[in-house]
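Data file: entry-v3.cif. Format and content: mmCIF, C-alpha atoms and all ligand atoms.
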```
data_upload
loop_
_atom_site.label_atom_id
_atom_site.label_comp_id
_atom_site.auth_asym_id
_atom_site.auth_seq_id
_atom_site.Cartn_x
_atom_site.Cartn_y
_atom_site.Cartn_z
CA MET A 1 121.75 104.90 70.54
CA THR A 2 122.65 105.20 74.22
CA ALA A 3 120.38 108.23 74.50
CA ASP A 4 117.45 105.93 73.80
CA ARG A 5 118.54 103.25 76.20
CA PRO A 6 116.23 103.07 79.21
CA VAL A 7 117.67 104.49 82.44
CA LEU A 8 116.38 101.53 84.38
CA GLU A 9 114.71 98.26 83.48
CA ALA A 10 112.96 95.42 85.22
CA ARG A 11 113.32 92.13 83.39
CA GLU A 12 110.97 89.36 84.43
CA LEU A 13 111.38 90.70 87.93
CA SER A 14 109.86 88.66 90.75
CA VAL A 15 109.96 89.06 94.51
CA ASP A 16 108.73 86.36 96.88
CA PHE A 17 108.25 86.96 100.58
CA VAL A 18 108.06 84.06 102.97
CA THR A 19 105.15 84.68 105.32
CA ARG A 20 105.15 83.71 109.00
CA SER A 21 103.27 80.54 108.22
CA GLY A 22 106.07 79.57 105.82
CA THR A 23 104.15 80.04 102.56
CA ALA A 24 105.59 82.06 99.72
CA ALA A 25 103.83 85.31 98.83
CA ARG A 26 104.62 86.35 95.28
CA ALA A 27 104.47 90.12 95.71
CA LEU A 28 105.99 90.67 92.28
CA ASP A 29 105.48 88.00 89.67
CA GLY A 30 107.37 88.70 86.48
CA VAL A 31 107.47 92.38 85.58
CA ASP A 32 109.09 93.76 82.44
CA LEU A 33 109.33 97.52 82.54
CA ALA A 34 111.60 100.15 81.00
CA VAL A 35 111.97 103.63 82.46
CA ARG A 36 112.99 106.07 79.76
CA ARG A 37 115.24 109.05 80.24
CA GLY A 38 113.46 112.11 81.60
CA GLU A 39 109.96 110.61 81.58
CA VAL A 40 107.36 110.56 84.31
CA LEU A 41 106.13 106.99 84.62
CA ALA A 42 103.28 106.25 87.02
CA LEU A 43 102.83 102.84 88.63
CA VAL A 44 99.17 102.56 89.58
CA GLY A 45 96.99 99.90 91.15
CA GLU A 46 95.10 99.11 94.34
CA SER A 47 96.88 98.68 97.61
CA GLY A 48 98.61 95.28 97.63
CA SER A 49 99.26 95.19 93.88
CA GLY A 50 103.06 95.23 94.34
CA LYS A 51 103.88 98.87 93.52
CA THR A 52 106.09 99.49 96.54
CA THR A 53 107.83 96.14 96.12
CA LEU A 54 108.60 97.02 92.49
CA ALA A 55 109.85 100.50 93.49
CA ARG A 56 112.09 99.00 96.20
CA ALA A 57 113.42 96.36 93.83
CA LEU A 58 114.16 99.03 91.19
CA MET A 59 116.13 100.95 93.85
CA GLY A 60 118.14 97.86 94.78
CA LEU A 61 116.59 97.91 98.27
CA GLN A 62 114.94 94.55 97.66
CA ARG A 63 116.77 91.67 96.02
CA PRO A 64 114.67 89.95 93.37
CA SER A 65 113.85 86.26 93.75
CA ARG A 66 114.02 85.91 89.97
CA GLY A 67 114.77 88.22 87.08
CA GLN A 68 116.93 91.31 87.03
CA VAL A 69 117.10 95.03 87.47
CA VAL A 70 119.14 96.49 84.63
CA SER A 71 120.74 99.92 84.86
CA GLU A 72 121.95 101.41 81.58
CA GLY A 73 122.24 98.00 80.02
CA LYS A 74 124.01 96.30 82.97
CA ALA A 75 122.53 93.99 85.58
CA LEU A 76 122.45 95.71 88.96
CA ASP A 77 125.41 94.81 91.16
CA TYR A 78 124.37 94.46 94.82
CA ALA A 79 127.88 94.88 96.26
CA PRO A 80 127.73 97.88 98.67
CA ARG A 81 130.15 100.06 96.70
CA ALA A 82 128.34 99.41 93.41
CA LEU A 83 124.97 100.09 95.02
CA ARG A 84 126.25 103.40 96.36
CA ALA A 85 127.31 104.46 92.87
CA PHE A 86 123.91 103.34 91.56
CA ARG A 87 122.08 105.44 94.19
CA ARG A 88 123.79 108.54 92.97
CA LYS A 89 121.84 108.00 89.76
CA VAL A 90 118.61 106.70 91.23
CA GLN A 91 117.15 108.30 94.34
CA MET A 92 113.98 107.50 96.21
CA VAL A 93 111.47 109.65 98.06
CA LEU A 94 109.45 107.50 100.38
CA GLN A 95 105.78 107.46 101.15
CA ASP A 96 105.98 108.86 104.64
CA ALA A 97 107.90 112.14 104.61
CA ALA A 98 107.58 112.55 108.36
CA GLY A 99 108.96 109.08 109.07
CA SER A 100 111.76 109.37 106.51
CA LEU A 101 113.44 112.36 108.18
CA ASN A 102 115.56 111.76 111.24
CA PRO A 103 113.85 113.76 114.04
CA ARG A 104 117.23 114.57 115.62
CA GLN A 105 118.75 115.95 112.44
CA THR A 106 118.43 119.54 111.28
CA VAL A 107 117.28 120.26 107.74
CA TYR A 108 120.86 121.21 106.88
CA GLU A 109 122.26 117.93 108.18
CA SER A 110 119.69 115.77 106.47
CA VAL A 111 120.34 117.34 103.06
CA ALA A 112 124.13 117.43 103.62
CA GLU A 113 124.23 113.74 104.52
CA GLY A 114 123.77 112.48 100.97
CA ILE A 115 126.06 115.17 99.60
CA ARG A 116 128.84 113.92 101.91
CA LEU A 117 128.15 110.24 101.36
CA HIS A 118 128.42 110.65 97.62
CA GLY A 119 131.35 113.09 97.62
CA ARG A 120 129.32 115.70 95.78
CA VAL A 121 131.40 118.70 96.92
CA ALA A 122 134.60 117.34 95.39
CA ALA A 123 132.68 116.49 92.24
CA ASP A 124 130.95 119.85 91.82
CA PRO A 125 131.90 121.34 88.46
CA ASP A 126 131.45 124.88 89.79
CA GLY A 127 133.56 124.39 92.91
CA ARG A 128 130.68 125.11 95.26
CA THR A 129 130.93 124.39 98.98
CA GLU A 130 128.68 122.06 100.95
CA VAL A 131 126.70 125.04 102.27
CA ASP A 132 126.19 126.27 98.71
CA LEU A 133 124.97 122.88 97.56
CA VAL A 134 122.58 122.41 100.49
CA GLY A 135 121.23 125.92 99.98
CA ALA A 136 120.82 125.43 96.24
CA ALA A 137 119.01 122.10 96.73
CA LEU A 138 116.56 123.59 99.25
CA ALA A 139 115.92 126.62 97.05
CA GLU A 140 115.35 124.37 94.06
CA ALA A 141 112.77 122.47 96.10
CA GLY A 142 110.98 125.76 96.75
CA LEU A 143 112.28 126.40 100.28
CA ARG A 144 113.39 130.02 100.15
CA PRO A 145 115.40 131.58 101.61
CA PRO A 146 117.07 128.25 102.39
CA GLU A 147 119.22 129.56 105.26
CA ARG A 148 116.08 130.16 107.30
CA LEU A 149 115.50 126.42 107.39
CA PHE A 150 119.04 125.16 107.93
CA GLN A 151 118.74 124.84 111.71
CA ARG A 152 115.14 123.68 111.87
CA TYR A 153 114.17 120.20 113.03
CA PRO A 154 111.50 118.09 111.30
CA HIS A 155 108.92 118.71 114.06
CA GLU A 156 109.14 122.43 113.26
CA LEU A 157 108.14 121.88 109.62
CA SER A 158 104.79 121.46 107.90
CA GLY A 159 104.06 118.23 105.99
CA GLY A 160 104.67 119.96 102.68
CA GLN A 161 107.99 121.41 103.90
CA LYS A 162 109.15 117.98 105.06
CA GLN A 163 108.38 116.51 101.66
CA ARG A 164 110.31 119.37 100.02
CA VAL A 165 113.32 118.71 102.28
CA LEU A 166 113.29 115.05 101.22
CA ILE A 167 113.04 116.01 97.57
CA ALA A 168 115.90 118.50 98.05
CA GLY A 169 118.05 115.78 99.64
CA ALA A 170 117.40 113.44 96.72
CA LEU A 171 117.94 116.06 94.02
CA ALA A 172 121.14 117.43 95.55
CA LEU A 173 122.80 114.32 94.12
CA ARG A 174 121.66 115.20 90.60
CA PRO A 175 120.13 111.80 90.01
CA GLN A 176 118.91 110.70 86.59
CA LEU A 177 115.85 109.18 88.18
CA LEU A 178 113.72 109.85 91.20
CA ILE A 179 111.45 107.11 92.48
CA ALA A 180 108.64 108.61 94.55
CA ASP A 181 106.37 106.22 96.45
CA GLU A 182 102.99 107.84 97.12
CA PRO A 183 104.73 111.23 97.40
CA VAL A 184 101.65 113.18 98.37
CA SER A 185 99.31 110.65 99.96
CA SER A 186 100.14 111.76 103.50
CA LEU A 187 99.71 115.46 102.67
CA ASP A 188 96.68 117.73 102.85
CA ALA A 189 94.82 118.03 99.58
CA SER A 190 95.74 121.72 99.41
CA ILE A 191 99.47 120.92 99.43
CA ARG A 192 99.37 117.98 97.02
CA GLY A 193 99.12 120.07 93.88
CA GLU A 194 102.12 122.18 94.98
CA ILE A 195 104.34 119.15 95.48
CA LEU A 196 103.28 117.63 92.16
CA ALA A 197 103.94 120.94 90.42
CA LEU A 198 107.37 120.98 92.07
CA LEU A 199 108.19 117.51 90.74
CA LEU A 200 107.16 118.52 87.23
CA ARG A 201 109.14 121.76 87.41
CA LEU A 202 112.24 119.85 88.56
CA ARG A 203 111.83 117.47 85.66
CA GLU A 204 111.73 120.45 83.27
CA GLU A 205 114.70 122.16 84.86
CA THR A 206 116.99 119.22 85.55
CA GLY A 207 115.76 116.53 83.16
CA VAL A 208 115.35 114.07 86.04
CA GLY A 209 113.06 111.16 85.22
CA ILE A 210 110.41 110.28 87.79
CA VAL A 211 108.75 106.99 88.64
CA VAL A 212 105.75 107.89 90.73
CA VAL A 213 103.94 105.19 92.65
CA THR A 214 100.32 106.01 93.34
CA HIS A 215 96.96 104.39 93.96
CA ASP A 216 95.39 107.62 92.65
CA LEU A 217 94.64 107.60 88.93
CA GLY A 218 93.65 111.25 89.04
CA LEU A 219 97.17 112.07 90.21
CA ALA A 220 98.71 109.90 87.50
CA TRP A 221 96.57 111.71 84.95
CA ASN A 222 97.98 115.06 86.08
CA ILE A 223 101.63 114.15 86.16
CA ALA A 224 102.54 111.08 84.08
CA ASP A 225 103.72 110.65 80.51
CA ARG A 226 103.21 106.89 80.70
CA ILE A 227 101.31 104.61 83.02
CA ALA A 228 101.79 100.99 84.06
CA VAL A 229 98.75 99.49 85.79
CA MET A 230 99.61 96.74 88.27
CA TYR A 231 97.45 93.96 89.60
CA LEU A 232 98.63 91.26 91.98
CA GLY A 233 102.32 91.51 91.12
CA ARG A 234 101.98 91.99 87.37
CA VAL A 235 101.70 94.88 84.95
CA VAL A 236 98.33 94.34 83.27
CA GLU A 237 98.19 97.43 81.06
CA CYS A 238 100.85 99.86 79.94
CA GLY A 239 100.96 102.79 77.54
CA THR A 240 100.96 106.56 77.34
CA THR A 241 98.72 108.39 79.79
CA GLU A 242 96.30 109.22 76.97
CA GLU A 243 96.17 105.61 75.80
CA VAL A 244 95.65 104.12 79.23
CA LEU A 245 93.32 106.72 80.72
CA GLU A 246 91.37 107.81 77.67
CA SER A 247 91.04 104.38 76.10
CA PRO A 248 91.55 101.90 78.94
CA ARG A 249 91.35 98.33 77.63
CA HIS A 250 91.91 96.12 80.64
CA PRO A 251 88.69 95.62 82.62
CA TYR A 252 90.72 96.29 85.77
CA THR A 253 91.89 99.69 84.49
CA GLN A 254 88.35 100.46 83.35
CA ALA A 255 87.03 99.66 86.81
CA LEU A 256 89.68 101.76 88.57
CA LEU A 257 88.99 104.68 86.25
CA SER A 258 85.25 104.45 86.61
CA VAL A 259 85.50 105.51 90.25
CA VAL A 260 87.94 108.42 89.86
CA PRO A 261 85.94 111.52 90.80
CA GLU A 262 87.91 113.94 88.58
CA ILE A 263 87.34 111.95 85.42
CA GLU A 264 84.17 112.30 83.44
CA HIS A 265 81.74 109.63 83.95
CA ILE A 266 81.16 106.37 82.59
CA GLU A 267 79.12 104.00 84.74
CA PRO A 268 81.00 103.17 87.94
CA VAL A 269 82.18 99.56 87.96
CA VAL A 270 82.40 98.23 91.47
CA LEU A 271 84.92 95.42 91.73
CA THR A 272 83.75 92.61 93.90
CA GLY A 273 86.00 91.48 96.70
CA GLU A 274 89.44 92.57 97.77
CA ILE A 275 92.63 92.08 95.84
CA PRO A 276 93.56 88.46 96.63
CA ASP A 277 96.44 87.54 98.88
CA PRO A 278 99.66 86.92 96.90
CA THR A 279 100.11 83.54 98.62
CA ARG A 280 97.12 82.41 96.55
CA ILE A 281 97.32 83.92 93.09
CA PRO A 282 94.32 82.69 91.11
CA GLY A 283 95.05 80.42 88.14
CA GLY A 284 94.23 81.45 84.59
CA CYS A 285 94.05 85.23 84.35
CA ARG A 286 94.81 86.36 87.90
CA PHE A 287 92.04 88.96 87.66
CA HIS A 288 89.31 86.57 86.51
CA PRO A 289 87.57 86.07 89.89
CA ARG A 290 86.89 89.82 90.05
CA CYS A 291 86.59 90.55 86.35
CA PRO A 292 83.40 92.34 85.30
CA GLY A 293 83.87 90.90 81.79
CA VAL A 294 83.71 87.35 83.15
CA ALA A 295 80.83 88.19 85.52
CA ASP A 296 78.61 89.83 82.90
CA GLY A 297 79.08 87.19 80.22
CA SER A 298 81.17 89.31 77.80
CA ALA A 299 84.06 86.84 78.09
CA ALA A 300 81.72 83.92 77.37
CA ALA A 301 80.18 85.78 74.41
CA ALA A 302 83.63 86.40 72.98
CA GLY A 303 84.53 82.72 73.47
CA VAL A 304 87.34 83.35 75.96
CA GLU A 305 85.81 82.55 79.33
CA GLU A 306 87.54 79.17 79.43
CA ALA A 307 90.89 80.88 78.77
CA CYS A 308 90.17 83.54 81.42
CA ARG A 309 89.64 80.82 83.99
CA ASN A 310 92.45 78.48 82.99
CA GLU A 311 95.11 80.03 80.78
CA GLY A 312 97.74 82.28 82.26
CA LEU A 313 98.79 85.38 80.36
CA ASP A 314 102.28 86.22 79.14
CA VAL A 315 104.28 88.91 80.87
CA LEU A 316 103.68 92.20 79.05
CA PRO A 317 106.76 93.28 77.12
CA ALA A 318 108.58 96.37 78.38
CA GLU A 319 108.60 98.10 75.01
CA GLY A 320 105.85 98.87 72.56
CA ASP A 321 102.68 100.89 72.35
CA HIS A 322 99.54 100.37 74.36
CA ARG A 323 99.79 96.83 75.78
CA VAL A 324 97.19 94.85 77.68
CA ALA A 325 97.30 91.42 79.34
CA CYS A 326 93.70 90.27 78.89
CA HIS A 327 92.20 87.37 76.94
CA LEU A 328 89.01 89.29 76.24
CA ASP A 329 90.89 92.36 75.03
CA ALA A 330 92.92 90.20 72.66
CA VAL A 331 89.69 89.18 70.93
CA LEU A 332 88.18 92.65 71.04
CA ALA A 333 91.41 94.20 69.73
CA THR A 334 91.33 92.06 66.60
CA ARG A 335 87.77 93.23 66.02
CA ARG A 336 88.69 96.86 66.64
CA GLU A 337 91.62 96.82 64.26
CA PRO A 338 90.74 94.70 61.26
CA ALA A 339 93.61 93.96 58.90
CA PRO A 340 93.51 96.27 55.87
CA GLY A 341 90.86 95.16 53.46
CA THR A 342 89.23 92.81 55.96
CA PRO A 343 85.57 93.58 56.54
CA ARG A 344 84.65 94.16 60.20
CA THR A 345 83.09 91.07 61.70
CA ALA A 346 79.81 91.06 63.51
CA GLY A 347 80.01 91.32 67.29
CA ASP A 348 81.75 94.66 67.51
CA GLY A 349 79.17 95.59 70.04
CA VAL A 350 80.54 93.31 72.78
CA ARG A 351 80.94 95.49 75.85
CA TYR A 352 82.67 94.91 79.14
N1 LIG B 401 108.17 92.50 103.70
C1 LIG B 401 107.09 91.82 103.34
N2 LIG B 401 106.81 90.59 103.85
C2 LIG B 401 105.71 89.91 103.47
N3 LIG B 401 104.84 90.35 102.54
C3 LIG B 401 105.04 91.55 102.02
C4 LIG B 401 106.17 92.36 102.37
N4 LIG B 401 106.11 93.52 101.66
C5 LIG B 401 105.00 93.44 100.90
N5 LIG B 401 104.36 92.27 101.11
C6 LIG B 401 103.11 91.84 100.44
O1 LIG B 401 103.30 91.99 99.06
C7 LIG B 401 102.11 92.47 98.43
C8 LIG B 401 102.43 93.71 97.67
O2 LIG B 401 102.72 94.74 98.58
P1 LIG B 401 103.19 96.18 98.16
O3 LIG B 401 104.32 96.07 97.22
O4 LIG B 401 103.42 96.96 99.40
O5 LIG B 401 101.92 96.72 97.38
P2 LIG B 401 101.41 98.21 97.11
O6 LIG B 401 102.55 99.15 97.31
O7 LIG B 401 100.90 98.18 95.71
O8 LIG B 401 100.31 98.45 98.09
C9 LIG B 401 101.11 92.67 99.55
O9 LIG B 401 100.26 91.55 99.59
C10 LIG B 401 101.94 92.75 100.79
O10 LIG B 401 101.25 92.27 101.90
MG MG B 402 102.78 100.84 98.54
#
```
Could you express the structure from this file as C-alpha cells?
Ligand SMILES: Nc1ncnc2c1ncn2[C@@H]1O[C@H](COP(=O)(O)OP(=O)(O)O)[C@@H](O)[C@H]1O
Ligand SMILES: [Mg+2]
Amino acid sequence: MTADRPVLEARELSVDFVTRSGTAARALDGVDLAVRRGEVLALVGESGSGKTTLARALMGLQRPSRGQVVSEGKALDYAPRALRAFRRKVQMVLQDAAGSLNPRQTVYESVAEGIRLHGRVAADPDGRTEVDLVGAALAEAGLRPPERLFQRYPHELSGGQKQRVLIAGALALRPQLLIADEPVSSLDASIRGEILALLLRLREETGVGIVVVTHDLGLAWNIADRIAVMYLGRVVECGTTEEVLESPRHPYTQALLSVVPEIEHIEPVVLTGEIPDPTRIPGGCRFHPRCPGVADGSAAAAGVEEACRNEGLDVLPAEGDHRVACHLDAVLATRREPAPGTPRTAGDGVRY
C-alpha cells in the first residue's frame, strides 16, 4: 500500500499574503493535490495563478494560512530539524539559476554544501568521499569531466551549465522529489530541450519524481505525465497529459492551449483582460469574468450562466481521473457520457 501513497500532498492548502495596503491577497485558495512517486507533474497557468506559491508551500518554504502539506501520510512539521529531514527528500530548483548560485562559491562548494548539511558522506552506502559524491552528481547532471568544473565560479559558466550545477546539487541528496520552478524559462531556446531531456533522464535513472512549474503548455506536453492547470489560486483542471492537452475541458485550459504554437490548431481564443488581482477574487466561478463560454452565450444556452456568476465551485479532489471545476463542463459532461441505455439528449452541439 505504501508504494501507492503519494510522496507529497496538498490538502485544502491556502496561502494569504497581506499587501502593503493591509488587504489579504489569497494567492492560494484551497488546493488539493497529490504528487505520486516517480511521476512528472506539471503545474501550469498564467503568471499570477499561484504556481510558485504552491511550489514554495509544498517545499515548506511558505507556511500555509489554512490546510496542510502532507508528506508520506504525515502533516509537515515546520520545526527546523524536521524541515531539514524533509528537504533531504524534497529538493527545489528555482526559477533563476544565475541568482540561485552564490557568486562567491565555486561549483565544488555549492554542490558540497548540501552534501555536508545533510550528512550524505556518512550515509553513503558505498563509502564514497565528498569529492566522489560531488563528482558523481556533476557527471550525472551532464557536466563531464566534473573535475574541470570544480574550481569554476558561476560567472564562468553558461546559463545551461549553471542550471546543471543546481540540478546536481539537488540530486546529490538523492531526493524522492524535485520541485523545479520554471527550470528553463531563463535559458536560451537551444538549451531548454537539453535541460528537459536531462530531467527526464534523471527520472529514468534515479526514479526521482518531478513537479515542474511552467507557464508553457508546450513544455508541459513534452515532459509531464500529469498536469494540473491553475487559475487564481485554484486547480481548475487536472488529469493525465493526454486528457488535459488532447481533450481540454475547462474553457481556461482550452484558451491557454489555443495559443500554444507547437500544438495543432484550433481557433485561437484570446482571453480578455488580465488575471485578476488575488485581493479581489471574483464571486461565483472565479474565471467567469474572462470565460469565453459565458461571453459567447454557451453558458446561458446550457442553463448555467447564473451559476457561473454566483455559485462557487468545490475544490477539485486530489485523486481521480480527468477532473474539471466548471459549471458548464458539468452539464456538457453529462451530455457527453450518457448513462448506459440513456438516449443522448439534444444539445450535444453546444460549443465553447
Ligand atoms: N510575497 C508575496 N507578497 C504578496 N503577494 C504575493 C507574494 N508572493 C506572491 N504574491 C501574489 O500571489 C499571486 C500568485 O503569485 P505566484 O505564486 O508567484 O504566481 P505564479 O508563480 O503562478 O506566477 C500573485 O498575485 C502575486 O502577486
Ligand atoms: Mg512563478
Using all atoms listed in the file, which of the listed residues (A:Gln62, A:Asn222, A:Thr214, A:Thr19) sits closest to ligand MG 402 (chain B)?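 Of A:Gln62, A:Asn222, A:Thr214, A:Thr19, the one nearest ligand MG 402 (chain B), counting all atoms listed in the file, is A:Thr214.
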What's the 10 Å shell around Pro145 of chain A, counting all atoms listed in the file, without same-chain residues fewer than 4 positions away, as a PDB file with C-alpha atoms, keeping the file's coordinate frame?
```pdb
ATOM      1  CA  GLY A 135     121.230 125.920  99.980  1.00  0.00           C
ATOM      2  CA  ALA A 136     120.820 125.430  96.240  1.00  0.00           C
ATOM      3  CA  LEU A 138     116.560 123.590  99.250  1.00  0.00           C
ATOM      4  CA  ALA A 139     115.920 126.620  97.050  1.00  0.00           C
ATOM      5  CA  LEU A 149     115.500 126.420 107.390  1.00  0.00           C
ATOM      6  CA  PHE A 150     119.040 125.160 107.930  1.00  0.00           C
TER       7      PHE A 150
END
```
Rank A:Arg20, A:Arg66, A:Arg280, A:Arg37 by their smallest atom-to-atom distance to Leu8 of chain A, using only C-alpha atoms, and report the top residue only.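 Among the listed residues, A:Arg37 lies closest to Leu8 of chain A.
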Any idea what's packed within 12 Å of Leu173 of chain A, counting all atoms listed in the file, ignoring anything in its chain fewer than 4 positions away? Could you give it as a PyMOL selection string? chain A and resi 84-92+111-121+123-124+130+133-134+136-137+166-169+177-178+206+208
Residues within 6 Å of ligand LIG 401 (chain B), counting only C-alpha atoms and all ligand atoms: report them as a PyMOL selection string. chain A and resi 17+19+27+47-53+277-278
To one decimal place in Å, what is the distance between atom CA of Trp221 of chain A and atom CA of Leu171 of chain A? 23.6 Å
Could you list, as a PyMOL selection string, all the residues within 12 Å of ligand MG 402 (chain B), counting only C-alpha atoms and all ligand atoms? chain A and resi 27+43-56+94-96+180-183+185+212-216+230+233
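In this model, the gap between atom CA of Glu274 of chain A and atom CA of Asn310 of chain A comes to 20.6 Å.
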I'd like to know which of A:Gly127, A:Gly67, A:Gly30, A:Gly60 is closest to Ala79 of chain A, using all atoms listed in the file.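 Once distances to Ala79 of chain A are computed over all atoms listed in the file, the minimum belongs to A:Gly60.
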Selected residue, from A:Leu316, A:Leu196, A:Val304, A:Ile210, that lies nearest to Pro175 of chain A when counting all atoms listed in the file: A:Ile210
Return as lines of an AutoDock Vina configuration file the box centre and box size in Å, one decimal, for an axis-aligned box around all listed atoms of segment 209-216 of chain A padded by 8 Å per side.
```
center_x = 104.2
center_y = 107.8
center_z = 89.6
size_x = 33.7
size_y = 22.8
size_z = 24.7
```
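Taking all atoms listed in the file into account, Ser65 of chain A lies nearest to A:Asp16 out of the set A:Asp16, A:Gly273, A:Glu147, A:Val40.
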May I ask which of the residues A:Arg335, A:His250, A:His327, A:Arg234 is the closest one to Ser14 of chain A, counting all atoms listed in the file?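 Ranked by minimum distance to Ser14 of chain A, first place goes to A:Arg234.
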